[in-house]
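Below: the structure, in structure tokens.
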Amino acid sequence: MSTSQLNRKTLKACIRHFTWSWHTIVMGTGAVASLVSRFHFGEGSEAVKVLTLLLFFLNLCFFSIITTATVARYYLFPELWDAMLEHPTQSLFMGAFPMGASTLINLSLTIHQTYSYGGPGFVYALWAFWWLDCAISLFIAIGMIFVMITRQQHSLGQMSALWLLPVVTLIVASSTGGLMAPALSTLDPAFSALTTTVSFNILLMGLSLALMIITVYLMRLVVHGPLDTGLILSSFIILGPLGQGGFSMLVNAQNIGHIMLPAPFNPAAIQTICLCAAWTLFSMGLIWLCIALCSVGSVLLRQRVPFSISYWGTIFPNAVFALLTVQLGEELKSPVLNYLGAIFSVLVFLLWIFVFAKTIPAVWNTSLFFSPCASTLSERTPLAVEHRSGVTTGYSST
């Protein structure tokens with residue numbers, strides 16, 4: 001029997017080591033599907049429609065399996081919940097759950113608009129799911145910041161872009177609301193206006209917190225240098241709030257006409273402001289993309305970054321930045337941005353294929369199932385048992 005077969009984990013062990021970071025698979029696949037559905041060249045073709053459907057159903061399978069495994073983990077091992085919350089990085093990935101769910105709502109809307117699937121009841125069901133997603137996103141954003149303050153130990157030197165994960169949930173939910181509002185406008189304009197208003201509010205909440213964290217992250221890079229090998233790929237996460245924030249600005253600005261604004265406010269002026277804000281975020285994203293590539297390159301020159309579930313975390317931020325580029329190209333009717341968006345989209349799709357291909361053997365040999373907090377807890381348990389035995393028998397543990 002080979003060494004890899006001997007080291008394979010059992011199903012129960014795999015569930016024990018199943019972390020929230022697995023939900024980045026749903027995030028990345030959903031974002032890639034959105035890029036495919038909006039691909040500028042060949043948009044509306046049967047090939048694009050079929051590929052979008054395939055990615056949607058594949059992502060739905062991912063979401064079902066990963067969510068089931070997550071629930072099973074904390075049902076079978078409830079002690080891991082507190083250990084996860086106290087871990088300074090693993091707990092931050094809780095935000096990946098509502099973000100992955102948002103991509104499924106987005107794709108369901110695309111299917112509804114493309115194939116006229118489902119009637120008003122289908123749209124209202126998706127709207128209800130969006131409200132639930134907003135509530136979970138808000139709970140995670142506020143709750144995790146509170147947990148970071150009260151239950152975890154952090155320092156500037158240990159900081160990473162993972163701090164953004166809880167607050168980006170609000171930005172992602174706001175973009176889903178921006179896509180939901182046009183579908184609601186034909187059913188009830190009041191619901192559409194309410195959705196747009198809430199989307200703008202949570203967008204500004206998420207962006208304000210994200211920009212604060214990005215500023216601190218830049219200071220951390222300048223003072224302490226690039227991240228270590230285990231966290232270096234998280235450098236791309238900065239593109240997440242910038243790309244998704246700009247995209248949300250654009251799609252929500254299109255719905256501003258559904259809101260009865262007071263006389264001093266001009267819908268055209270607000271749309272112009274949102275376009276300028278989206279362009280600013282796009283420009284910030286370009287420079288951060290360069291910084292991330294340089295940071296990762298400097299580490300790769302010295303050592304190899306072993307494959308892990310963190311590779312999936314690079315897909316979503318790059319995909320939403322490509323999505324912003326595509327949307328800006330449509331808004332400005334710019335051939336340059338259209339070509340740039342198409343190039344970004346193809347590169348992200350190739351990245352998704354590469355990571356997906358690497359994931360299959362890693363899942364098969366169970367090497368991808370690893371949880372730091374579960375490993376730490378397993379190491380502490382024998383010590384606790386030994387200590388209790390020593391006290392019972394009268395022997396000292398020293």
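Residue names in the structure tokens use chain letters A, B, ... in the order shown, residue numbers from 1 in each chain, and ligand numbers from 1 in the order shown.
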Expected answer as a compact mmCIF listing (two decimals) with N, CA and C atoms, in the first residue's frame: alpha helix (DSSP H) residues in range 113-276 of chain A:
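Okay, this is what ended up in selection_31.txt:
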```txt
# COMPACT_ATOMS: atom_id res chain seq x y z
N GLN A 113 -33.95 35.79 -16.53
CA GLN A 113 -34.01 36.81 -17.58
C GLN A 113 -33.66 36.24 -18.95
N THR A 114 -32.78 35.24 -19.00
CA THR A 114 -32.34 34.68 -20.28
C THR A 114 -33.36 33.70 -20.84
N TYR A 115 -33.87 32.84 -19.98
CA TYR A 115 -34.76 31.78 -20.43
C TYR A 115 -36.22 32.00 -20.04
N PRO A 120 -43.55 35.49 -11.46
CA PRO A 120 -43.36 36.41 -10.33
C PRO A 120 -43.00 35.70 -9.02
N GLY A 121 -43.57 34.51 -8.82
CA GLY A 121 -43.26 33.78 -7.59
C GLY A 121 -41.79 33.44 -7.48
N PHE A 122 -41.15 33.11 -8.61
CA PHE A 122 -39.73 32.80 -8.61
C PHE A 122 -38.90 34.03 -8.23
N VAL A 123 -39.29 35.18 -8.78
CA VAL A 123 -38.57 36.42 -8.47
C VAL A 123 -38.73 36.78 -6.99
N TYR A 124 -39.95 36.65 -6.48
CA TYR A 124 -40.17 36.97 -5.06
C TYR A 124 -39.42 35.99 -4.15
N ALA A 125 -39.28 34.73 -4.58
CA ALA A 125 -38.51 33.76 -3.79
C ALA A 125 -37.03 34.17 -3.74
N LEU A 126 -36.51 34.58 -4.89
CA LEU A 126 -35.12 35.05 -4.92
C LEU A 126 -34.96 36.31 -4.08
N TRP A 127 -35.97 37.17 -4.08
CA TRP A 127 -35.93 38.40 -3.27
C TRP A 127 -35.88 38.04 -1.79
N ALA A 128 -36.67 37.03 -1.38
CA ALA A 128 -36.66 36.59 0.01
C ALA A 128 -35.28 36.04 0.39
N PHE A 129 -34.69 35.26 -0.52
CA PHE A 129 -33.34 34.75 -0.26
C PHE A 129 -32.33 35.90 -0.15
N TRP A 130 -32.54 36.95 -0.94
CA TRP A 130 -31.64 38.10 -0.86
C TRP A 130 -31.73 38.78 0.50
N TRP A 131 -32.95 38.94 1.02
CA TRP A 131 -33.10 39.54 2.35
C TRP A 131 -32.40 38.68 3.40
N LEU A 132 -32.55 37.36 3.28
CA LEU A 132 -31.87 36.47 4.22
C LEU A 132 -30.36 36.60 4.10
N ASP A 133 -29.88 36.70 2.86
CA ASP A 133 -28.45 36.86 2.63
C ASP A 133 -27.95 38.18 3.21
N CYS A 134 -28.73 39.24 3.08
CA CYS A 134 -28.36 40.54 3.66
C CYS A 134 -28.26 40.45 5.18
N ALA A 135 -29.24 39.77 5.79
CA ALA A 135 -29.25 39.64 7.25
C ALA A 135 -28.02 38.86 7.73
N ILE A 136 -27.70 37.75 7.05
CA ILE A 136 -26.53 36.96 7.43
C ILE A 136 -25.25 37.76 7.22
N SER A 137 -25.18 38.50 6.11
CA SER A 137 -23.99 39.31 5.82
C SER A 137 -23.79 40.38 6.88
N LEU A 138 -24.87 41.04 7.27
CA LEU A 138 -24.77 42.08 8.29
C LEU A 138 -24.37 41.49 9.63
N PHE A 139 -24.94 40.34 9.95
CA PHE A 139 -24.62 39.67 11.21
C PHE A 139 -23.15 39.27 11.26
N ILE A 140 -22.64 38.72 10.15
CA ILE A 140 -21.23 38.30 10.11
C ILE A 140 -20.30 39.50 10.14
N ALA A 141 -20.65 40.56 9.39
CA ALA A 141 -19.78 41.74 9.35
C ALA A 141 -19.63 42.36 10.74
N ILE A 142 -20.75 42.58 11.41
CA ILE A 142 -20.69 43.19 12.74
C ILE A 142 -20.18 42.19 13.77
N GLY A 143 -20.69 40.97 13.69
CA GLY A 143 -20.32 39.96 14.68
C GLY A 143 -18.85 39.61 14.66
N MET A 144 -18.29 39.46 13.46
CA MET A 144 -16.89 39.07 13.39
C MET A 144 -15.96 40.21 13.82
N ILE A 145 -16.34 41.45 13.53
CA ILE A 145 -15.52 42.57 14.03
C ILE A 145 -15.53 42.58 15.55
N PHE A 146 -16.71 42.31 16.12
CA PHE A 146 -16.82 42.25 17.59
C PHE A 146 -15.99 41.10 18.14
N VAL A 147 -16.03 39.93 17.47
CA VAL A 147 -15.24 38.78 17.91
C VAL A 147 -13.75 39.08 17.80
N MET A 148 -13.33 39.73 16.72
CA MET A 148 -11.92 40.08 16.56
C MET A 148 -11.45 40.99 17.68
N ILE A 149 -12.34 41.87 18.14
CA ILE A 149 -11.98 42.82 19.18
C ILE A 149 -11.93 42.16 20.55
N THR A 150 -12.88 41.26 20.81
CA THR A 150 -13.07 40.75 22.17
C THR A 150 -12.48 39.37 22.42
N LEU A 165 -12.63 39.83 4.67
CA LEU A 165 -13.66 38.86 4.34
C LEU A 165 -15.01 39.12 5.03
N PRO A 166 -15.03 39.43 6.33
CA PRO A 166 -16.36 39.65 6.94
C PRO A 166 -17.10 40.87 6.38
N VAL A 167 -16.38 41.94 6.02
CA VAL A 167 -17.05 43.17 5.60
C VAL A 167 -17.39 43.17 4.11
N VAL A 168 -16.67 42.39 3.31
CA VAL A 168 -16.98 42.32 1.88
C VAL A 168 -18.34 41.70 1.65
N THR A 169 -18.83 40.93 2.63
CA THR A 169 -20.15 40.32 2.49
C THR A 169 -21.22 41.37 2.21
N LEU A 170 -21.11 42.54 2.82
CA LEU A 170 -22.10 43.60 2.61
C LEU A 170 -22.04 44.13 1.19
N ILE A 171 -20.84 44.26 0.65
CA ILE A 171 -20.68 44.78 -0.71
C ILE A 171 -21.24 43.79 -1.72
N VAL A 172 -20.97 42.50 -1.50
CA VAL A 172 -21.48 41.48 -2.42
C VAL A 172 -23.00 41.44 -2.38
N ALA A 173 -23.58 41.52 -1.19
CA ALA A 173 -25.04 41.52 -1.08
C ALA A 173 -25.65 42.74 -1.75
N SER A 174 -24.95 43.87 -1.69
CA SER A 174 -25.48 45.09 -2.33
C SER A 174 -25.52 44.96 -3.85
N SER A 175 -24.52 44.29 -4.43
CA SER A 175 -24.53 44.12 -5.88
C SER A 175 -25.65 43.18 -6.30
N THR A 176 -25.94 42.16 -5.48
CA THR A 176 -27.06 41.28 -5.77
C THR A 176 -28.38 42.06 -5.72
N GLY A 177 -28.50 42.97 -4.77
CA GLY A 177 -29.68 43.82 -4.72
C GLY A 177 -29.81 44.71 -5.94
N GLY A 178 -28.66 45.19 -6.44
CA GLY A 178 -28.68 46.01 -7.65
C GLY A 178 -29.15 45.24 -8.87
N LEU A 179 -28.83 43.95 -8.91
CA LEU A 179 -29.30 43.10 -10.01
C LEU A 179 -30.75 42.67 -9.81
N MET A 180 -31.19 42.63 -8.55
CA MET A 180 -32.54 42.21 -8.24
C MET A 180 -33.58 43.30 -8.53
N ALA A 181 -33.20 44.55 -8.33
CA ALA A 181 -34.15 45.66 -8.46
C ALA A 181 -34.83 45.75 -9.83
N PRO A 182 -34.11 45.61 -10.96
CA PRO A 182 -34.80 45.67 -12.26
C PRO A 182 -35.86 44.58 -12.44
N ALA A 183 -35.59 43.39 -11.91
CA ALA A 183 -36.59 42.31 -12.01
C ALA A 183 -37.82 42.62 -11.18
N LEU A 184 -37.63 43.35 -10.07
CA LEU A 184 -38.76 43.70 -9.21
C LEU A 184 -39.54 44.90 -9.76
N SER A 185 -38.89 45.74 -10.56
CA SER A 185 -39.53 46.98 -11.02
C SER A 185 -40.78 46.71 -11.85
N PRO A 189 -42.88 48.58 -8.27
CA PRO A 189 -41.84 49.62 -8.22
C PRO A 189 -41.42 49.97 -6.79
N ALA A 190 -42.35 49.87 -5.84
CA ALA A 190 -42.02 50.20 -4.46
C ALA A 190 -40.99 49.21 -3.90
N PHE A 191 -41.15 47.93 -4.23
CA PHE A 191 -40.17 46.93 -3.79
C PHE A 191 -38.82 47.17 -4.44
N SER A 192 -38.83 47.57 -5.69
CA SER A 192 -37.59 47.87 -6.40
C SER A 192 -36.86 49.04 -5.76
N ALA A 193 -37.62 50.10 -5.41
CA ALA A 193 -37.02 51.27 -4.76
C ALA A 193 -36.45 50.91 -3.39
N LEU A 194 -37.19 50.07 -2.64
CA LEU A 194 -36.72 49.64 -1.33
C LEU A 194 -35.42 48.84 -1.45
N THR A 195 -35.37 47.95 -2.43
CA THR A 195 -34.17 47.12 -2.65
C THR A 195 -32.97 47.99 -3.01
N THR A 196 -33.19 48.98 -3.88
CA THR A 196 -32.08 49.88 -4.27
C THR A 196 -31.59 50.69 -3.09
N THR A 197 -32.51 51.18 -2.28
CA THR A 197 -32.13 51.98 -1.10
C THR A 197 -31.31 51.17 -0.12
N VAL A 198 -31.77 49.95 0.18
CA VAL A 198 -31.04 49.08 1.11
C VAL A 198 -29.67 48.72 0.52
N SER A 199 -29.64 48.46 -0.78
CA SER A 199 -28.38 48.08 -1.42
C SER A 199 -27.34 49.19 -1.32
N PHE A 200 -27.77 50.43 -1.55
CA PHE A 200 -26.84 51.56 -1.44
C PHE A 200 -26.33 51.70 0.00
N ASN A 201 -27.22 51.49 0.97
CA ASN A 201 -26.81 51.63 2.37
C ASN A 201 -25.78 50.59 2.77
N ILE A 202 -26.04 49.32 2.45
CA ILE A 202 -25.07 48.29 2.86
C ILE A 202 -23.80 48.38 2.02
N LEU A 203 -23.90 48.90 0.80
CA LEU A 203 -22.70 49.12 -0.01
C LEU A 203 -21.78 50.13 0.66
N LEU A 204 -22.35 51.24 1.11
CA LEU A 204 -21.53 52.27 1.76
C LEU A 204 -20.99 51.79 3.10
N MET A 205 -21.78 50.97 3.81
CA MET A 205 -21.27 50.39 5.06
C MET A 205 -20.04 49.52 4.79
N GLY A 206 -20.19 48.61 3.83
CA GLY A 206 -19.09 47.69 3.53
C GLY A 206 -17.87 48.40 2.97
N LEU A 207 -18.09 49.35 2.07
CA LEU A 207 -16.96 50.05 1.46
C LEU A 207 -16.20 50.89 2.49
N SER A 208 -16.91 51.54 3.39
CA SER A 208 -16.24 52.37 4.39
C SER A 208 -15.31 51.53 5.26
N LEU A 209 -15.82 50.38 5.72
CA LEU A 209 -14.98 49.50 6.54
C LEU A 209 -13.83 48.90 5.72
N ALA A 210 -14.12 48.52 4.46
CA ALA A 210 -13.09 47.91 3.62
C ALA A 210 -11.94 48.87 3.34
N LEU A 211 -12.26 50.12 3.05
CA LEU A 211 -11.21 51.09 2.75
C LEU A 211 -10.34 51.37 3.98
N MET A 212 -10.94 51.34 5.17
CA MET A 212 -10.15 51.49 6.39
C MET A 212 -9.15 50.33 6.52
N ILE A 213 -9.64 49.11 6.29
CA ILE A 213 -8.78 47.93 6.44
C ILE A 213 -7.70 47.91 5.37
N ILE A 214 -8.03 48.32 4.14
CA ILE A 214 -7.03 48.37 3.07
C ILE A 214 -5.91 49.34 3.42
N THR A 215 -6.27 50.47 4.03
CA THR A 215 -5.25 51.45 4.44
C THR A 215 -4.30 50.84 5.47
N VAL A 216 -4.86 50.14 6.45
CA VAL A 216 -4.02 49.49 7.47
C VAL A 216 -3.16 48.40 6.83
N TYR A 217 -3.73 47.69 5.86
CA TYR A 217 -2.98 46.62 5.20
C TYR A 217 -1.78 47.17 4.43
N LEU A 218 -1.94 48.31 3.78
CA LEU A 218 -0.81 48.93 3.09
C LEU A 218 0.29 49.31 4.09
N MET A 219 -0.14 49.84 5.24
CA MET A 219 0.84 50.18 6.28
C MET A 219 1.56 48.92 6.76
N ARG A 220 0.83 47.82 6.90
CA ARG A 220 1.44 46.56 7.33
C ARG A 220 2.49 46.09 6.33
N LEU A 221 2.21 46.21 5.03
CA LEU A 221 3.16 45.79 4.01
C LEU A 221 4.42 46.65 4.05
N VAL A 222 4.23 47.95 4.22
CA VAL A 222 5.37 48.87 4.23
C VAL A 222 6.25 48.63 5.46
N VAL A 223 5.61 48.39 6.61
CA VAL A 223 6.36 48.25 7.86
C VAL A 223 6.97 46.86 8.00
N HIS A 224 6.22 45.81 7.62
CA HIS A 224 6.66 44.43 7.89
C HIS A 224 7.00 43.63 6.64
N LEU A 239 -8.61 43.05 -4.17
CA LEU A 239 -9.38 43.32 -5.39
C LEU A 239 -10.87 43.06 -5.20
N GLY A 240 -11.22 42.28 -4.18
CA GLY A 240 -12.61 41.93 -3.94
C GLY A 240 -13.51 43.13 -3.67
N PRO A 241 -13.25 43.88 -2.58
CA PRO A 241 -14.10 45.04 -2.30
C PRO A 241 -14.00 46.13 -3.35
N LEU A 242 -12.82 46.27 -3.99
CA LEU A 242 -12.67 47.30 -5.01
C LEU A 242 -13.47 46.94 -6.27
N GLY A 243 -13.31 45.71 -6.75
CA GLY A 243 -14.03 45.28 -7.94
C GLY A 243 -15.52 45.16 -7.71
N GLN A 244 -15.90 44.47 -6.62
CA GLN A 244 -17.33 44.29 -6.34
C GLN A 244 -17.98 45.60 -5.96
N GLY A 245 -17.24 46.46 -5.25
CA GLY A 245 -17.78 47.77 -4.88
C GLY A 245 -18.07 48.63 -6.10
N GLY A 246 -17.13 48.66 -7.05
CA GLY A 246 -17.35 49.43 -8.27
C GLY A 246 -18.49 48.87 -9.09
N PHE A 247 -18.57 47.55 -9.21
CA PHE A 247 -19.67 46.91 -9.95
C PHE A 247 -21.01 47.22 -9.30
N SER A 248 -21.05 47.17 -7.97
CA SER A 248 -22.30 47.47 -7.25
C SER A 248 -22.71 48.92 -7.46
N MET A 249 -21.73 49.82 -7.47
CA MET A 249 -22.03 51.23 -7.74
C MET A 249 -22.74 51.39 -9.09
N LEU A 250 -22.23 50.72 -10.09
CA LEU A 250 -22.77 50.87 -11.45
C LEU A 250 -24.16 50.28 -11.58
N VAL A 251 -24.37 49.06 -11.06
CA VAL A 251 -25.67 48.41 -11.25
C VAL A 251 -26.74 49.07 -10.38
N ASN A 252 -26.37 49.55 -9.21
CA ASN A 252 -27.35 50.24 -8.37
C ASN A 252 -27.68 51.63 -8.91
N ALA A 253 -26.70 52.27 -9.53
CA ALA A 253 -26.96 53.60 -10.11
C ALA A 253 -27.97 53.52 -11.25
N PRO A 267 -31.26 62.45 -10.26
CA PRO A 267 -30.83 61.08 -10.55
C PRO A 267 -29.63 61.01 -11.50
N ALA A 268 -29.60 61.90 -12.51
CA ALA A 268 -28.48 61.90 -13.45
C ALA A 268 -27.17 62.26 -12.75
N ALA A 269 -27.25 63.21 -11.80
CA ALA A 269 -26.04 63.60 -11.06
C ALA A 269 -25.54 62.46 -10.18
N ILE A 270 -26.48 61.75 -9.54
CA ILE A 270 -26.11 60.62 -8.68
C ILE A 270 -25.47 59.51 -9.52
N GLN A 271 -26.01 59.26 -10.70
CA GLN A 271 -25.43 58.25 -11.58
C GLN A 271 -24.03 58.64 -12.02
N THR A 272 -23.81 59.93 -12.26
CA THR A 272 -22.47 60.40 -12.63
C THR A 272 -21.48 60.22 -11.48
N ILE A 273 -21.95 60.52 -10.26
CA ILE A 273 -21.09 60.34 -9.08
C ILE A 273 -20.72 58.87 -8.91
N CYS A 274 -21.70 57.99 -9.11
CA CYS A 274 -21.45 56.55 -8.97
C CYS A 274 -20.47 56.06 -10.04
N LEU A 275 -20.60 56.59 -11.25
CA LEU A 275 -19.67 56.21 -12.31
C LEU A 275 -18.26 56.66 -11.97
N CYS A 276 -18.12 57.88 -11.43
CA CYS A 276 -16.79 58.37 -11.03
C CYS A 276 -16.22 57.53 -9.89
```
- Query: Using only C-alpha atoms, which of A:Thr24, A:Ser34, A:Thr359, A:Thr19 sits nearest Ala83 in chain A?
  - Reply: A:Thr19
- Message: Applying 12 Å and only C-alpha atoms, which residues near range 40-51 of chain A remain after dropping the ones on its own chain fewer than 5 positions away? List them as a PyMOL selection string.
- Response: chain A and resi 29+32-35+56-58+107+110-115+322-323+325-330+333-346+349
- Query: For Leu92 in chain A, which residue among A:Trp20, A:Phe77, A:Phe63, A:Phe356 is the nearest when counting only C-alpha atoms?
  - Reply: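 When distances to Leu92 in chain A are compared using only C-alpha atoms, the smallest one comes from A:Trp20.
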- Restricting the calculation to only C-alpha atoms, which member of A:His87, A:Arg302, A:Arg38, A:Arg73 is positioned closest to Cys373 in chain A?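 Counting only C-alpha atoms, the residue closest to Cys373 in chain A is A:His87.
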- Which one of A:Leu53, A:Leu164, A:Ala72, A:Val363 sits closest to Ile15 in chain A if you count only C-alpha atoms?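 Smallest separation from Ile15 in chain A among the options: A:Ala72.
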- CA of His17 in chain A to CA of Ile237 in chain A, distance in Å rounded to a single decimal: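 Computing the Euclidean distance for CA of His17 in chain A and CA of Ile237 in chain A yields 23.3 Å.
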- Note on the structure: Counting only C-alpha atoms, closest pick from A:Thr366, A:Met27, A:Thr103, A:Glu86 relative to Cys14 in chain A is A:Thr366
- From the list A:Ser235, A:Thr314, A:Ser116, A:Gln90, which residue is nearest Ile291 in chain A when using only C-alpha atoms?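 Among A:Ser235, A:Thr314, A:Ser116, A:Gln90, it is A:Ser235 that comes nearest to Ile291 in chain A.
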- Message: Residues within 12 Å of Ile353 in chain A, please, as a list of chain:residue names. Count only C-alpha atoms; anything in the same chain fewer than 5 positions from it doesn't count.
- Response: A:Ile25, A:Gly28, A:Thr29, A:Val32, A:Leu55, A:Tyr311, A:Trp312, A:Ile315, A:Val346, A:Leu347, A:Val348, A:Lys358, A:Thr359, A:Ile360
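Put simply, CA of Asn318 in chain A is 15.2 Å away from CA of Ala96 in chain A.
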- Query: How many Å separate CA of His23 in chain A from CA of Phe62 in chain A?
  - Reply: 8.5 Å
